[in-house]
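Enquirer: Before anything else, here's the structure in question.
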Amino acid sequence: MPLLILSCGYASFQDTRVLGLLANSLFHSLAVLKLFKSLHRTRQEVFKNDTRALEAARQKINEEFKNNQDETSEEKINDLLKIASDVEVILRTSVIQAVQTDSDKILLIPRKDLLQDNTPYFDKPTKKRES
């Protein structure tokens with residue numbers, strides 16, 4: 001009903017405040033859902049073919065979101081969103097799969113998005129030749 005009143009131009013301060021709170025709540029809900037989905041997509045990519053790690057990450061993501069689903073403080077919600085976003089970036093950029101192939105050997109399986117051009121390291125800089 002406040003939306004109808006607003007469209008007629010008779011909105012009171014209370015109606016505007018309620019709509020602002022609802023819009024803010026909706027924004028947070030959409031941001032939380034987007035981040036939740038993003039974390040699960042990243043989990044599926046990072047832990048591909050590792051059922052144990054996939055399940056552990058799924059349970060941890062779901063547990064953290066469920067533990068905080070009743071949070072109403074805007075500041076706390078923003079902090080939690082920042083933490084979840086940082087976790088997603090760390091998973092995507094820093095985690096690499098490894099498989100133990102022998103008692104003393106591990107095979108690293110980097111994802112293509114982690115591979116970068118390798119620049120060789122030189123102890124002494126090379127001097128440019130002047131022509």
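Ordering of the structure tokens sets the chain letters (A, B, ...); residue numbers start at 1 within each chain; ligands are numbered from 1 in the order shown.
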Return as JSON lines the residues of range 19-60 of chain A lying at most 9 Å from range 97-114 of chain A, together with the closest atom-to-atom pair for each and the distance in Å to one decimal, counting only C-alpha atoms, with rows in chain order and ascending residue number.

Expert:
{"residue": "A:Glu45", "atom": "CA", "partner": "A:Arg111", "partner_atom": "CA", "distance": 8.6}
{"residue": "A:Val46", "atom": "CA", "partner": "A:Gln97", "partner_atom": "CA", "distance": 7.5}
{"residue": "A:Phe47", "atom": "CA", "partner": "A:Gln97", "partner_atom": "CA", "distance": 7.1}
{"residue": "A:Lys48", "atom": "CA", "partner": "A:Gln97", "partner_atom": "CA", "distance": 8.7}
{"residue": "A:Asp50", "atom": "CA", "partner": "A:Gln97", "partner_atom": "CA", "distance": 8.8}

Enquirer: Take the residues just selected and output them with N, CA, C and O atoms as a PDB file, in the first residue's frame.

Expert:
ATOM      1  N   GLU A  45      34.919 -24.859  -9.425  1.00  0.00           N
ATOM      2  CA  GLU A  45      36.051 -24.736 -10.348  1.00  0.00           C
ATOM      3  C   GLU A  45      37.377 -25.078  -9.663  1.00  0.00           C
ATOM      4  O   GLU A  45      38.201 -25.810 -10.214  1.00  0.00           O
ATOM      5  N   VAL A  46      37.567 -24.568  -8.461  1.00  0.00           N
ATOM      6  CA  VAL A  46      38.842 -24.743  -7.756  1.00  0.00           C
ATOM      7  C   VAL A  46      39.058 -26.188  -7.325  1.00  0.00           C
ATOM      8  O   VAL A  46      40.168 -26.707  -7.429  1.00  0.00           O
ATOM      9  N   PHE A  47      38.004 -26.832  -6.855  1.00  0.00           N
ATOM     10  CA  PHE A  47      38.142 -28.202  -6.342  1.00  0.00           C
ATOM     11  C   PHE A  47      37.593 -29.249  -7.308  1.00  0.00           C
ATOM     12  O   PHE A  47      37.175 -30.332  -6.890  1.00  0.00           O
ATOM     13  N   LYS A  48      37.623 -28.956  -8.587  1.00  0.00           N
ATOM     14  CA  LYS A  48      37.128 -29.859  -9.623  1.00  0.00           C
ATOM     15  C   LYS A  48      37.742 -31.253  -9.466  1.00  0.00           C
ATOM     16  O   LYS A  48      38.938 -31.382  -9.226  1.00  0.00           O
ATOM     17  N   ASP A  50      37.647 -33.284  -7.066  1.00  0.00           N
ATOM     18  CA  ASP A  50      38.046 -33.630  -5.696  1.00  0.00           C
ATOM     19  C   ASP A  50      36.778 -33.624  -4.842  1.00  0.00           C
ATOM     20  O   ASP A  50      36.429 -32.615  -4.231  1.00  0.00           O
TER      21      ASP A  50
END

Enquirer: So that I can see what lies close to range 53-64 of chain A, please list as a PDB file with N, CA, C and O atoms, in the first residue's frame the residues with an atom at most 8 Å from it, counting only C-alpha atoms and leaving out residues fewer than 5 positions away in the same chain.

Expert:
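This is the output file out_8.pdb:
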ATOM      1  N   PHE A  36      26.838 -15.732  -2.608  1.00  0.00           N
ATOM      2  CA  PHE A  36      26.645 -17.152  -2.285  1.00  0.00           C
ATOM      3  C   PHE A  36      26.840 -18.002  -3.539  1.00  0.00           C
ATOM      4  O   PHE A  36      27.584 -18.989  -3.540  1.00  0.00           O
ATOM      5  N   LEU A  39      30.552 -17.910  -4.715  1.00  0.00           N
ATOM      6  CA  LEU A  39      31.404 -18.798  -3.910  1.00  0.00           C
ATOM      7  C   LEU A  39      31.242 -20.250  -4.333  1.00  0.00           C
ATOM      8  O   LEU A  39      32.222 -20.990  -4.440  1.00  0.00           O
ATOM      9  N   HIS A  40      30.004 -20.671  -4.579  1.00  0.00           N
ATOM     10  CA  HIS A  40      29.785 -22.059  -4.986  1.00  0.00           C
ATOM     11  C   HIS A  40      30.351 -22.336  -6.380  1.00  0.00           C
ATOM     12  O   HIS A  40      30.915 -23.402  -6.619  1.00  0.00           O
ATOM     13  N   ARG A  43      34.068 -22.589  -5.899  1.00  0.00           N
ATOM     14  CA  ARG A  43      34.348 -23.869  -5.231  1.00  0.00           C
ATOM     15  C   ARG A  43      34.353 -25.003  -6.260  1.00  0.00           C
ATOM     16  O   ARG A  43      35.255 -25.845  -6.261  1.00  0.00           O
ATOM     17  N   GLN A  44      33.357 -25.019  -7.144  1.00  0.00           N
ATOM     18  CA  GLN A  44      33.272 -26.081  -8.142  1.00  0.00           C
ATOM     19  C   GLN A  44      34.449 -26.051  -9.112  1.00  0.00           C
ATOM     20  O   GLN A  44      34.933 -27.090  -9.550  1.00  0.00           O
ATOM     21  N   PHE A  47      38.004 -26.832  -6.855  1.00  0.00           N
ATOM     22  CA  PHE A  47      38.142 -28.202  -6.342  1.00  0.00           C
ATOM     23  C   PHE A  47      37.593 -29.249  -7.308  1.00  0.00           C
ATOM     24  O   PHE A  47      37.175 -30.332  -6.890  1.00  0.00           O
ATOM     25  N   LYS A  48      37.623 -28.956  -8.587  1.00  0.00           N
ATOM     26  CA  LYS A  48      37.128 -29.859  -9.623  1.00  0.00           C
ATOM     27  C   LYS A  48      37.742 -31.253  -9.466  1.00  0.00           C
ATOM     28  O   LYS A  48      38.938 -31.382  -9.226  1.00  0.00           O
TER      29      LYS A  48
END

Enquirer: Taking into account only C-alpha atoms, which residue in the set A:Ser94, A:Tyr121, A:Ser25, A:Glu88 is nearest to Glu74 in chain A?

Expert: A:Ser25

Enquirer: Do you have the CA of Leu81 in chain A-CA of Phe27 in chain A distance handy?

Expert: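 Atom-to-atom, CA of Leu81 in chain A to CA of Phe27 in chain A, that is 12.0 Å.
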
Enquirer: With only C-alpha atoms as the basis for distance, which of A:Asn118, A:Glu75, A:Arg52, A:Leu35 is at the shortest distance from Val89 in chain A?

Expert: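 Of the candidates, the smallest distance to Val89 in chain A is held by A:Leu35.
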
Enquirer: Residues within 12 Å of Ala31 in chain A, please, as a PyMOL selection string. Count only C-alpha atoms; anything in the same chain fewer than 6 positions from it doesn't count.

Expert: chain A and resi 24-25+37-38+77-78+80-82+84-85

Enquirer: What residues in range 4-117 of chain A get the DSSP label alpha helix (DSSP H)? Please answer as a PyMOL selection string.

Expert: chain A and resi 4-8+13-46+51-67+74-94

Enquirer: Produce a file of the selected residues containing C-alpha atoms, as a PDB file, in the first residue's frame.

Expert:
ATOM      1  CA  LEU A   4       0.372   3.172  -4.121  1.00  0.00           C
ATOM      2  CA  ILE A   5       0.440   6.175  -1.817  1.00  0.00           C
ATOM      3  CA  LEU A   6       3.866   7.143  -3.150  1.00  0.00           C
ATOM      4  CA  SER A   7       2.656   6.959  -6.735  1.00  0.00           C
ATOM      5  CA  CYS A   8      -0.167   9.378  -5.872  1.00  0.00           C
ATOM      6  CA  PHE A  13       7.978  10.376   6.103  1.00  0.00           C
ATOM      7  CA  GLN A  14       7.224   6.985   7.707  1.00  0.00           C
ATOM      8  CA  ASP A  15       6.241   5.438   4.355  1.00  0.00           C
ATOM      9  CA  THR A  16       9.408   6.737   2.708  1.00  0.00           C
ATOM     10  CA  ARG A  17      11.549   5.425   5.546  1.00  0.00           C
ATOM     11  CA  VAL A  18       9.937   1.982   5.366  1.00  0.00           C
ATOM     12  CA  LEU A  19      10.427   1.821   1.610  1.00  0.00           C
ATOM     13  CA  GLY A  20      14.050   2.888   2.032  1.00  0.00           C
ATOM     14  CA  LEU A  21      14.612   0.118   4.558  1.00  0.00           C
ATOM     15  CA  LEU A  22      12.902  -2.416   2.282  1.00  0.00           C
ATOM     16  CA  ALA A  23      15.001  -1.314  -0.697  1.00  0.00           C
ATOM     17  CA  ASN A  24      18.166  -1.533   1.406  1.00  0.00           C
ATOM     18  CA  SER A  25      17.137  -4.978   2.644  1.00  0.00           C
ATOM     19  CA  LEU A  26      16.424  -6.101  -0.909  1.00  0.00           C
ATOM     20  CA  PHE A  27      19.822  -4.790  -2.028  1.00  0.00           C
ATOM     21  CA  HIS A  28      21.557  -6.770   0.723  1.00  0.00           C
ATOM     22  CA  SER A  29      19.531  -9.887  -0.101  1.00  0.00           C
ATOM     23  CA  LEU A  30      20.536  -9.688  -3.758  1.00  0.00           C
ATOM     24  CA  ALA A  31      24.191  -9.045  -2.864  1.00  0.00           C
ATOM     25  CA  VAL A  32      24.201 -11.999  -0.456  1.00  0.00           C
ATOM     26  CA  LEU A  33      22.605 -14.322  -3.017  1.00  0.00           C
ATOM     27  CA  LYS A  34      25.020 -13.210  -5.738  1.00  0.00           C
ATOM     28  CA  LEU A  35      28.018 -13.791  -3.465  1.00  0.00           C
ATOM     29  CA  PHE A  36      26.645 -17.152  -2.285  1.00  0.00           C
ATOM     30  CA  LYS A  37      26.341 -18.337  -5.887  1.00  0.00           C
ATOM     31  CA  SER A  38      29.749 -16.927  -6.793  1.00  0.00           C
ATOM     32  CA  LEU A  39      31.404 -18.798  -3.910  1.00  0.00           C
ATOM     33  CA  HIS A  40      29.785 -22.059  -4.986  1.00  0.00           C
ATOM     34  CA  ARG A  41      30.838 -21.565  -8.626  1.00  0.00           C
ATOM     35  CA  THR A  42      34.394 -20.829  -7.522  1.00  0.00           C
ATOM     36  CA  ARG A  43      34.348 -23.869  -5.231  1.00  0.00           C
ATOM     37  CA  GLN A  44      33.272 -26.081  -8.142  1.00  0.00           C
ATOM     38  CA  GLU A  45      36.051 -24.736 -10.348  1.00  0.00           C
ATOM     39  CA  VAL A  46      38.842 -24.743  -7.756  1.00  0.00           C
ATOM     40  CA  THR A  51      34.793 -34.828  -4.153  1.00  0.00           C
ATOM     41  CA  ARG A  52      36.020 -34.588  -0.569  1.00  0.00           C
ATOM     42  CA  ALA A  53      37.181 -30.975  -0.939  1.00  0.00           C
ATOM     43  CA  LEU A  54      34.055 -30.059  -2.922  1.00  0.00           C
ATOM     44  CA  GLU A  55      31.802 -31.390  -0.170  1.00  0.00           C
ATOM     45  CA  ALA A  56      33.817 -29.804   2.647  1.00  0.00           C
ATOM     46  CA  ALA A  57      33.784 -26.408   0.932  1.00  0.00           C
ATOM     47  CA  ARG A  58      30.043 -26.732   0.185  1.00  0.00           C
ATOM     48  CA  GLN A  59      29.286 -27.490   3.818  1.00  0.00           C
ATOM     49  CA  LYS A  60      31.464 -24.612   5.085  1.00  0.00           C
ATOM     50  CA  ILE A  61      29.920 -22.058   2.716  1.00  0.00           C
ATOM     51  CA  ASN A  62      26.380 -23.170   3.569  1.00  0.00           C
ATOM     52  CA  GLU A  63      27.153 -23.243   7.305  1.00  0.00           C
ATOM     53  CA  GLU A  64      28.596 -19.710   7.341  1.00  0.00           C
ATOM     54  CA  PHE A  65      25.683 -18.255   5.402  1.00  0.00           C
ATOM     55  CA  LYS A  66      23.133 -20.123   7.536  1.00  0.00           C
ATOM     56  CA  ASN A  67      24.793 -18.964  10.785  1.00  0.00           C
ATOM     57  CA  GLU A  74      23.752  -3.162   8.079  1.00  0.00           C
ATOM     58  CA  GLU A  75      27.348  -2.664   9.228  1.00  0.00           C
ATOM     59  CA  LYS A  76      27.733  -6.344  10.186  1.00  0.00           C
ATOM     60  CA  ILE A  77      26.159  -7.461   6.892  1.00  0.00           C
ATOM     61  CA  ASN A  78      28.600  -5.279   4.941  1.00  0.00           C
ATOM     62  CA  ASP A  79      31.515  -6.731   6.935  1.00  0.00           C
ATOM     63  CA  LEU A  80      30.339 -10.285   6.257  1.00  0.00           C
ATOM     64  CA  LEU A  81      29.908  -9.529   2.549  1.00  0.00           C
ATOM     65  CA  LYS A  82      33.457  -8.154   2.421  1.00  0.00           C
ATOM     66  CA  ILE A  83      34.852 -11.257   4.146  1.00  0.00           C
ATOM     67  CA  ALA A  84      32.965 -13.590   1.788  1.00  0.00           C
ATOM     68  CA  SER A  85      34.146 -11.604  -1.229  1.00  0.00           C
ATOM     69  CA  ASP A  86      37.757 -11.791  -0.007  1.00  0.00           C
ATOM     70  CA  VAL A  87      37.433 -15.558   0.503  1.00  0.00           C
ATOM     71  CA  GLU A  88      36.136 -15.958  -3.048  1.00  0.00           C
ATOM     72  CA  VAL A  89      39.112 -14.003  -4.446  1.00  0.00           C
ATOM     73  CA  ILE A  90      41.603 -16.000  -2.372  1.00  0.00           C
ATOM     74  CA  LEU A  91      40.076 -19.299  -3.493  1.00  0.00           C
ATOM     75  CA  ARG A  92      40.109 -18.204  -7.133  1.00  0.00           C
ATOM     76  CA  THR A  93      43.646 -16.780  -7.163  1.00  0.00           C
ATOM     77  CA  SER A  94      45.635 -18.727  -4.574  1.00  0.00           C
TER      78      SER A  94
END
